[in-house]
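File shown: query23.cif. Contents: mmCIF, C-alpha atoms and all ligand atoms.
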data_final
loop_
_atom_site.group_PDB
_atom_site.id
_atom_site.type_symbol
_atom_site.label_atom_id
_atom_site.label_comp_id
_atom_site.auth_asym_id
_atom_site.auth_seq_id
_atom_site.Cartn_x
_atom_site.Cartn_y
_atom_site.Cartn_z
ATOM 1 C CA MET A 709 0.000 0.000 0.000
ATOM 2 C CA THR A 710 1.365 3.430 -0.889
ATOM 3 C CA LEU A 711 1.263 6.019 1.868
ATOM 4 C CA ILE A 712 0.574 9.674 1.187
ATOM 5 C CA ARG A 713 0.538 12.776 3.330
ATOM 6 C CA LEU A 714 -2.801 14.528 3.575
ATOM 7 C CA ASP A 715 -1.285 17.923 4.422
ATOM 8 C CA THR A 716 0.695 18.367 1.210
ATOM 9 C CA LEU A 717 -1.719 17.078 -1.394
ATOM 10 C CA PRO A 718 -1.611 18.629 -4.847
ATOM 11 C CA ARG A 719 -4.230 21.384 -4.702
ATOM 12 C CA HIS A 720 -4.879 21.110 -8.423
ATOM 13 C CA LEU A 721 -4.629 17.669 -9.990
ATOM 14 C CA ALA A 722 -5.114 17.285 -13.738
ATOM 15 C CA VAL A 723 -5.373 14.065 -15.725
ATOM 16 C CA ILE A 724 -4.856 13.132 -19.375
ATOM 17 C CA MET A 725 -6.876 9.928 -19.492
ATOM 18 C CA ASP A 726 -5.204 8.012 -22.291
ATOM 19 C CA GLY A 727 -5.323 4.366 -23.316
ATOM 20 C CA ASN A 728 -9.017 3.502 -23.539
ATOM 21 C CA GLY A 729 -8.697 2.308 -27.132
ATOM 22 C CA ARG A 730 -5.667 0.098 -26.416
ATOM 23 C CA TRP A 731 -7.345 -1.356 -23.334
ATOM 24 C CA ALA A 732 -10.281 -2.411 -25.503
ATOM 25 C CA HIS A 733 -8.028 -3.692 -28.308
ATOM 26 C CA GLN A 734 -6.104 -5.901 -25.862
ATOM 27 C CA LYS A 735 -9.388 -7.502 -24.874
ATOM 28 C CA GLY A 736 -10.683 -7.868 -28.422
ATOM 29 C CA LEU A 737 -13.406 -5.303 -27.723
ATOM 30 C CA PRO A 738 -14.490 -2.222 -29.709
ATOM 31 C CA ARG A 739 -12.800 1.073 -28.741
ATOM 32 C CA THR A 740 -16.096 2.326 -27.347
ATOM 33 C CA ALA A 741 -15.970 -0.425 -24.692
ATOM 34 C CA GLY A 742 -12.671 1.092 -23.574
ATOM 35 C CA HIS A 743 -14.278 4.505 -23.216
ATOM 36 C CA ARG A 744 -17.125 2.983 -21.195
ATOM 37 C CA GLU A 745 -14.661 1.309 -18.829
ATOM 38 C CA GLY A 746 -12.758 4.603 -18.777
ATOM 39 C CA SER A 747 -15.811 6.369 -17.431
ATOM 40 C CA GLU A 748 -15.747 3.956 -14.459
ATOM 41 C CA SER A 749 -12.185 5.128 -13.766
ATOM 42 C CA VAL A 750 -13.474 8.700 -13.942
ATOM 43 C CA ARG A 751 -16.068 7.906 -11.253
ATOM 44 C CA ARG A 752 -13.481 6.248 -9.011
ATOM 45 C CA THR A 753 -10.965 9.052 -9.420
ATOM 46 C CA VAL A 754 -13.509 11.809 -8.747
ATOM 47 C CA ARG A 755 -14.640 10.005 -5.596
ATOM 48 C CA THR A 756 -11.141 9.405 -4.267
ATOM 49 C CA CYS A 757 -9.939 12.942 -4.976
ATOM 50 C CA ARG A 758 -12.965 14.420 -3.253
ATOM 51 C CA LYS A 759 -12.531 12.233 -0.199
ATOM 52 C CA LEU A 760 -8.820 13.040 -0.002
ATOM 53 C CA GLY A 761 -9.485 16.783 -0.156
ATOM 54 C CA VAL A 762 -8.025 17.694 -3.553
ATOM 55 C CA GLU A 763 -9.308 21.216 -4.280
ATOM 56 C CA THR A 764 -9.468 21.059 -8.076
ATOM 57 C CA LEU A 765 -9.545 18.045 -10.376
ATOM 58 C CA THR A 766 -9.367 18.733 -14.118
ATOM 59 C CA LEU A 767 -10.075 15.872 -16.508
ATOM 60 C CA PHE A 768 -9.274 15.945 -20.222
ATOM 61 C CA ALA A 769 -12.450 14.322 -21.487
ATOM 62 C CA PHE A 770 -12.433 15.486 -25.119
ATOM 63 C CA SER A 771 -10.003 17.645 -27.043
ATOM 64 C CA GLU A 772 -10.646 20.048 -29.908
ATOM 65 C CA GLN A 773 -8.632 17.593 -31.989
ATOM 66 C CA ASN A 774 -10.815 14.605 -30.959
ATOM 67 C CA TRP A 775 -13.557 15.860 -33.337
ATOM 68 C CA GLU A 776 -11.415 14.301 -36.099
ATOM 69 C CA ARG A 777 -12.155 10.786 -34.771
ATOM 70 C CA PRO A 778 -14.664 8.561 -36.597
ATOM 71 C CA VAL A 779 -18.228 9.831 -36.247
ATOM 72 C CA PHE A 780 -19.454 6.737 -34.388
ATOM 73 C CA GLU A 781 -16.675 7.072 -31.793
ATOM 74 C CA VAL A 782 -17.427 10.751 -31.230
ATOM 75 C CA ARG A 783 -21.101 9.861 -30.882
ATOM 76 C CA ALA A 784 -20.311 7.098 -28.368
ATOM 77 C CA LEU A 785 -18.209 9.518 -26.300
ATOM 78 C CA MET A 786 -20.973 12.135 -26.335
ATOM 79 C CA ASP A 787 -23.463 9.467 -25.189
ATOM 80 C CA LEU A 788 -21.104 8.530 -22.347
ATOM 81 C CA PHE A 789 -20.751 12.169 -21.266
ATOM 82 C CA ARG A 790 -24.524 12.465 -21.252
ATOM 83 C CA GLU A 791 -24.890 9.295 -19.195
ATOM 84 C CA PHE A 792 -22.197 10.444 -16.771
ATOM 85 C CA LEU A 793 -23.847 13.838 -16.247
ATOM 86 C CA ILE A 794 -27.213 12.197 -15.577
ATOM 87 C CA LYS A 795 -25.963 9.383 -13.342
ATOM 88 C CA GLU A 796 -23.516 11.428 -11.273
ATOM 89 C CA ARG A 797 -25.798 14.414 -10.696
ATOM 90 C CA ALA A 798 -27.213 13.220 -7.361
ATOM 91 C CA GLU A 799 -23.824 12.341 -5.902
ATOM 92 C CA VAL A 800 -22.258 15.549 -7.192
ATOM 93 C CA LEU A 801 -24.969 17.612 -5.488
ATOM 94 C CA ARG A 802 -24.879 15.549 -2.285
ATOM 95 C CA THR A 803 -21.120 15.843 -1.915
ATOM 96 C CA GLY A 804 -20.913 19.529 -2.822
ATOM 97 C CA ILE A 805 -18.783 19.163 -5.959
ATOM 98 C CA ARG A 806 -18.650 22.266 -8.165
ATOM 99 C CA VAL A 807 -18.692 21.288 -11.819
ATOM 100 C CA ARG A 808 -17.123 23.585 -14.410
ATOM 101 C CA SER A 809 -16.605 23.019 -18.097
ATOM 102 C CA LEU A 810 -13.528 24.134 -19.994
ATOM 103 C CA GLY A 811 -13.351 24.440 -23.751
ATOM 104 C CA ARG A 812 -15.447 25.447 -26.728
ATOM 105 C CA VAL A 813 -18.556 23.785 -25.307
ATOM 106 C CA GLN A 814 -20.759 25.465 -27.919
ATOM 107 C CA ARG A 815 -19.467 22.728 -30.262
ATOM 108 C CA LEU A 816 -20.948 19.972 -28.078
ATOM 109 C CA PRO A 817 -24.326 18.528 -29.067
ATOM 110 C CA ILE A 818 -27.194 20.178 -27.240
ATOM 111 C CA TYR A 819 -28.056 16.982 -25.323
ATOM 112 C CA VAL A 820 -24.640 17.162 -23.636
ATOM 113 C CA ARG A 821 -24.331 20.938 -23.401
ATOM 114 C CA ALA A 822 -27.716 21.428 -21.756
ATOM 115 C CA LEU A 823 -26.935 18.880 -19.015
ATOM 116 C CA LEU A 824 -23.470 20.316 -18.501
ATOM 117 C CA GLU A 825 -24.757 23.876 -18.208
ATOM 118 C CA GLN A 826 -27.518 22.764 -15.863
ATOM 119 C CA LEU A 827 -25.056 20.983 -13.570
ATOM 120 C CA GLU A 828 -22.714 23.965 -13.677
ATOM 121 C CA SER A 829 -25.408 26.364 -12.569
ATOM 122 C CA GLU A 830 -26.828 23.947 -9.962
ATOM 123 C CA THR A 831 -23.411 23.489 -8.358
ATOM 124 C CA ALA A 832 -21.916 26.981 -8.810
ATOM 125 C CA HIS A 833 -22.588 27.941 -5.186
ATOM 126 C CA LEU A 834 -21.252 24.716 -3.647
ATOM 127 C CA GLY A 835 -18.042 24.730 -1.645
ATOM 128 C CA GLY A 836 -16.602 21.273 -2.295
ATOM 129 C CA MET A 837 -14.069 20.025 -4.801
ATOM 130 C CA ARG A 838 -13.990 21.841 -8.089
ATOM 131 C CA LEU A 839 -14.365 19.350 -10.954
ATOM 132 C CA GLN A 840 -13.304 20.848 -14.278
ATOM 133 C CA LEU A 841 -14.364 18.834 -17.314
ATOM 134 C CA ALA A 842 -12.343 19.795 -20.364
ATOM 135 C CA MET A 843 -14.548 19.069 -23.352
ATOM 136 C CA SER A 844 -13.814 20.302 -26.842
ATOM 137 C CA TYR A 845 -10.794 21.794 -25.120
ATOM 138 C CA GLY A 846 -7.428 22.867 -26.454
ATOM 139 C CA GLY A 847 -4.812 24.809 -24.501
ATOM 140 C CA GLN A 848 -3.704 26.884 -27.498
ATOM 141 C CA GLU A 849 -7.330 27.566 -28.409
ATOM 142 C CA GLU A 850 -8.042 28.721 -24.842
ATOM 143 C CA ILE A 851 -5.106 31.158 -24.939
ATOM 144 C CA ALA A 852 -6.063 32.398 -28.428
ATOM 145 C CA ASP A 853 -9.684 32.978 -27.321
ATOM 146 C CA ALA A 854 -8.474 34.935 -24.268
ATOM 147 C CA ALA A 855 -6.075 37.015 -26.399
ATOM 148 C CA ARG A 856 -8.930 37.843 -28.769
ATOM 149 C CA ARG A 857 -11.130 38.998 -25.868
ATOM 150 C CA LEU A 858 -8.350 41.241 -24.540
ATOM 151 C CA ALA A 859 -7.763 42.639 -28.043
ATOM 152 C CA GLU A 860 -11.492 43.476 -28.272
ATOM 153 C CA LYS A 861 -11.329 45.257 -24.906
ATOM 154 C CA ALA A 862 -8.274 47.209 -26.038
ATOM 155 C CA LYS A 863 -10.016 48.146 -29.283
ATOM 156 C CA ASN A 864 -13.021 49.412 -27.320
ATOM 157 C CA GLY A 865 -10.775 51.453 -25.066
ATOM 158 C CA GLU A 866 -11.649 49.372 -21.978
ATOM 159 C CA ILE A 867 -8.019 48.466 -21.313
ATOM 160 C CA ASP A 868 -4.623 49.868 -22.224
ATOM 161 C CA PRO A 869 -2.714 47.372 -24.447
ATOM 162 C CA ALA A 870 0.428 48.247 -22.467
ATOM 163 C CA SER A 871 -1.246 46.877 -19.334
ATOM 164 C CA ILE A 872 -1.531 43.355 -20.756
ATOM 165 C CA ASP A 873 0.831 41.043 -18.925
ATOM 166 C CA GLU A 874 0.966 37.407 -17.795
ATOM 167 C CA LYS A 875 -1.322 38.261 -14.862
ATOM 168 C CA SER A 876 -4.093 39.833 -16.932
ATOM 169 C CA LEU A 877 -3.870 37.257 -19.723
ATOM 170 C CA GLY A 878 -3.861 34.437 -17.166
ATOM 171 C CA ALA A 879 -6.902 35.916 -15.442
ATOM 172 C CA GLU A 880 -8.770 35.822 -18.764
ATOM 173 C CA LEU A 881 -8.366 32.028 -19.030
ATOM 174 C CA PRO A 882 -11.281 29.970 -17.663
ATOM 175 C CA SER A 883 -8.881 27.208 -16.593
ATOM 176 C CA SER A 884 -7.027 29.653 -14.302
ATOM 177 C CA GLU A 885 -10.024 29.710 -11.973
ATOM 178 C CA GLY A 886 -8.928 26.317 -10.699
ATOM 179 C CA GLY A 887 -5.440 27.635 -9.910
ATOM 180 C CA PRO A 888 -2.125 26.501 -11.384
ATOM 181 C CA VAL A 889 -1.761 22.763 -11.924
ATOM 182 C CA ASP A 890 0.341 21.102 -9.226
ATOM 183 C CA LEU A 891 0.336 17.558 -10.578
ATOM 184 C CA LEU A 892 -0.440 16.364 -14.084
ATOM 185 C CA ILE A 893 -0.982 12.635 -14.513
ATOM 186 C CA ARG A 894 -0.912 11.061 -17.950
ATOM 187 C CA THR A 895 -1.838 7.429 -18.368
ATOM 188 C CA GLY A 896 -1.274 5.288 -21.457
ATOM 189 C CA GLY A 897 2.514 5.463 -21.796
ATOM 190 C CA GLU A 898 2.924 8.616 -23.898
ATOM 191 C CA TYR A 899 5.175 11.447 -22.737
ATOM 192 C CA ARG A 900 3.472 14.566 -24.021
ATOM 193 C CA ILE A 901 1.072 17.277 -22.904
ATOM 194 C CA SER A 902 -1.190 17.117 -26.009
ATOM 195 C CA ASN A 903 -2.410 20.725 -25.862
ATOM 196 C CA PHE A 904 -3.817 20.359 -22.337
ATOM 197 C CA LEU A 905 -3.729 23.236 -19.798
ATOM 198 C CA LEU A 906 -0.649 24.794 -21.388
ATOM 199 C CA TRP A 907 -0.798 27.918 -19.265
ATOM 200 C CA GLY A 908 -1.652 26.251 -15.954
ATOM 201 C CA CYS A 909 1.066 23.607 -16.350
ATOM 202 C CA ALA A 910 3.882 26.188 -16.335
ATOM 203 C CA TYR A 911 5.238 24.762 -13.059
ATOM 204 C CA ALA A 912 3.286 21.512 -12.846
ATOM 205 C CA GLU A 913 4.946 18.295 -11.779
ATOM 206 C CA PHE A 914 4.356 15.414 -14.199
ATOM 207 C CA TYR A 915 3.588 11.774 -13.516
ATOM 208 C CA PHE A 916 3.584 9.500 -16.545
ATOM 209 C CA THR A 917 2.477 5.891 -16.346
ATOM 210 C CA ARG A 918 2.091 3.069 -18.849
ATOM 211 C CA THR A 919 -1.126 2.007 -17.110
ATOM 212 C CA LEU A 920 -4.070 2.351 -19.476
ATOM 213 C CA TRP A 921 -6.778 4.691 -18.171
ATOM 214 C CA PRO A 922 -9.446 2.000 -17.534
ATOM 215 C CA ASP A 923 -6.922 0.183 -15.281
ATOM 216 C CA PHE A 924 -5.972 3.319 -13.350
ATOM 217 C CA GLY A 925 -7.120 2.805 -9.763
ATOM 218 C CA GLU A 926 -6.739 4.192 -6.282
ATOM 219 C CA GLU A 927 -3.385 2.530 -5.598
ATOM 220 C CA GLU A 928 -1.785 4.117 -8.635
ATOM 221 C CA LEU A 929 -3.335 7.495 -7.823
ATOM 222 C CA PHE A 930 -1.658 7.226 -4.416
ATOM 223 C CA ARG A 931 1.640 6.323 -6.120
ATOM 224 C CA ALA A 932 1.363 9.441 -8.287
ATOM 225 C CA ILE A 933 0.628 11.643 -5.269
ATOM 226 C CA ASN A 934 3.425 9.999 -3.290
ATOM 227 C CA SER A 935 5.837 10.699 -6.138
ATOM 228 C CA TYR A 936 4.638 14.332 -6.278
ATOM 229 C CA GLN A 937 5.192 14.700 -2.553
ATOM 230 C CA LYS A 938 8.848 13.765 -2.942
ATOM 231 C CA ARG A 939 9.523 16.431 -5.553
ATOM 232 C CA ASN A 940 11.462 19.579 -4.821
ATOM 233 C CA ARG A 941 9.483 22.414 -6.420
ATOM 234 C CA ARG A 942 11.817 25.310 -7.030
ATOM 235 C CA TYR A 943 9.872 27.463 -9.502
ATOM 236 C CA GLY A 944 13.159 28.537 -11.055
ATOM 237 C CA ARG A 945 14.607 29.565 -7.691
ATOM 238 C CA VAL A 946 17.461 28.196 -5.599
ATOM 239 C CA VAL A 947 16.386 26.343 -2.466
ATOM 240 C CA THR A 948 17.501 28.043 0.756
ATOM 241 C CA GLU A 949 19.096 26.143 3.662
ATOM 242 C CA GLU A 950 15.979 26.910 5.734
ATOM 243 C CA GLU A 951 13.744 25.263 3.102
ATOM 244 C CA HIS A 952 16.136 22.310 2.920
ATOM 245 C CA SER A 953 15.824 21.638 6.629
ATOM 246 C CA GLU A 954 12.043 22.058 6.449
ATOM 247 C CA GLU A 955 11.979 19.403 3.696
ATOM 248 C CA ARG A 956 14.172 17.090 5.758
ATOM 249 C CA LYS A 957 11.787 17.447 8.709
ATOM 250 C CA LEU A 958 8.821 16.671 6.485
ATOM 251 C CA ALA A 959 10.549 13.608 5.038
ATOM 252 C CA GLN A 960 11.367 12.318 8.526
ATOM 253 C CA SER A 961 7.846 12.671 9.919
ATOM 254 C CA SER A 962 5.831 9.598 9.039
ATOM 255 C CA ALA A 963 3.503 9.654 6.071
ATOM 256 C CA THR A 964 -0.163 9.227 6.849
ATOM 257 C CA PRO A 965 -2.033 6.356 5.264
ATOM 258 C CA ALA A 966 -5.009 7.889 3.533
ATOM 259 C CA HIS A 967 -8.316 6.358 4.483
ATOM 260 C CA VAL A 968 -10.800 7.279 1.832
HETATM 261 C C1 LIG B 1001 -8.086 8.749 -24.794
HETATM 262 O O1 LIG B 1001 -7.985 7.358 -25.040
HETATM 263 C C2 LIG B 1001 -9.359 9.061 -24.168
HETATM 264 C C3 LIG B 1001 -10.302 9.886 -24.713
HETATM 265 C C4 LIG B 1001 -10.117 10.561 -26.002
HETATM 266 C C5 LIG B 1001 -11.569 10.143 -24.069
HETATM 267 C C6 LIG B 1001 -11.596 10.203 -22.570
HETATM 268 C C7 LIG B 1001 -12.935 9.763 -22.184
HETATM 269 C C8 LIG B 1001 -13.234 8.971 -21.147
HETATM 270 C C9 LIG B 1001 -12.245 8.549 -20.139
HETATM 271 C C10 LIG B 1001 -14.607 8.444 -21.035
HETATM 272 C C11 LIG B 1001 -15.573 9.122 -20.175
HETATM 273 C C12 LIG B 1001 -15.261 10.468 -19.643
HETATM 274 C C13 LIG B 1001 -16.120 11.121 -18.815
HETATM 275 C C14 LIG B 1001 -15.776 12.484 -18.317
HETATM 276 C C15 LIG B 1001 -17.388 10.530 -18.394
HETATM 277 P P1 LIG B 1001 -7.736 6.862 -26.518
HETATM 278 O O2 LIG B 1001 -9.043 6.549 -27.128
HETATM 279 O O3 LIG B 1001 -6.943 7.883 -27.269
HETATM 280 O O4 LIG B 1001 -6.897 5.572 -26.256
HETATM 281 P P2 LIG B 1001 -5.767 4.970 -27.199
HETATM 282 O O5 LIG B 1001 -4.626 5.936 -27.177
HETATM 283 O O6 LIG B 1001 -5.439 3.685 -26.507
HETATM 284 O O7 LIG B 1001 -6.363 4.771 -28.545
#
Translate this file's structure into structure tokens.
Ligand code: FPP
Amino acid sequence: MTLIRLDTLPRHLAVIMDGNGRWAHQKGLPRTAGHREGSESVRRTVRTCRKLGVETLTLFAFSEQNWERPVFEVRALMDLFREFLIKERAEVLRTGIRVRSLGRVQRLPIYVRALLEQLESETAHLGGMRLQLAMSYGGQEEIADAARRLAEKAKNGEIDPASIDEKSLGAELPSSEGGPVDLLIRTGGEYRISNFLLWGCAYAEFYFTRTLWPDFGEEELFRAINSYQKRNRRYGRVVTEEEHSEERKLAQSSATPAHV
């Protein structure tokens, strides 16, 4: 069993859920069966993160580029999103999860968008974990959309172009509301960021695993968090002797088994 500390959890955990298709292929099943099993991993992960006390969980459910997949696969994914939003609604409300969507959601079919928008408005006032579902999302697209909005404001004389800096551009990005990413997990054995949360990942720690998303369970989530908790986050700075001794103290005190 992997032990993790509950006082230094990543505040913002983001996941690239890759490997559904390969999971299905290995079992001689259609790719859509992999996505269905993947949605079970989504349920498990949301539950565990909420119980642990993660503040923001961002899941890459569908990228802007995923529209290029075969029509029947896109349709199957949309049906799964719909099912997820219907089935999880009661638990989301009961446990105080705030649901937010990221991405060009106007591209989603109305039967997904309507449920998503309903759940967003029903949960907007809740104080629990923030669950960001990135759907029809691209990191470059998000930055381009924000830049366009700032350009419009500058054109209308609402802001001075000279005032635009990383703070004001960052504040214009919907994904910034969940804070900078502390830990990015990617399953499925690839080592890339695939246009996900480009801005928020500026100082994120990465955890890559060959595990395919449908097989990703609690134990491996704990391994990822444990690995994160051993990292030395310097943000481009040099670590002071004081910080070194603080880290040593932390390492010596025993890790707490998480009971979730
Ligand atoms: C990547 O695997 C996964 C996706 C493109 C979709 C992610 C969707 C889910 C996990 C299903 C349900 C999600 C929610 C929020 C209910 P892949 O198909 O690219 O796998 P491969 O690389 O093995 O082909």
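When all atoms listed in the file are used to compute distances to Phe930 (chain A), the closest of the residues A:Ile893, A:Leu816, A:Ala822, A:Ala798 turns out to be A:Ile893.
With only C-alpha atoms as the atoms that count, the minimum distance from Ser883 (chain A) to the choices A:Asp868, A:Phe916, A:Met837, A:Arg808 is reached by A:Arg808.
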Residue IDs satisfying the PyMOL selection byres (((chain A and resi 732) around 12) and not hetatm), as a PyMOL selection string: chain A and resi 727-731+733-746+920-923
Enclose ligand LIG 1001 (chain B), meaning all of its atoms listed in the file, in a box aligned along x, y and z, pad it by 4 Å on each side, and list the centre and edge lengths in Å to one decimal, as lines of an AutoDock Vina configuration file.
center_x = -11.0
center_y = 8.1
center_z = -23.4
size_x = 20.8
size_y = 16.8
size_z = 18.2
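Close contacts of Phe924 (chain A), defined as residues with an atom at most 10 Å away when counting all atoms listed in the file, with chain neighbours fewer than 6 positions off set aside, comprise Met725, Gly746, Glu748, Ser749, Val750, Arg752, Thr753, Thr895, Gly896, Thr917 and Arg918 of chain A.
Note that the spacing between CA of Gln937 (chain A) and CA of Val754 (chain A) amounts to 19.9 Å.
Ranking A:Leu905, A:Ile794, A:Ile851, A:Leu858 by their shortest atom-to-atom distance to ligand LIG 1001 (chain B), with only C-alpha atoms and all ligand atoms included, puts A:Ile794 first.
A straight line drawn from atom C1 of ligand LIG 1001 (chain B) to CA of Asn774 (chain A) is 8.9 Å long.
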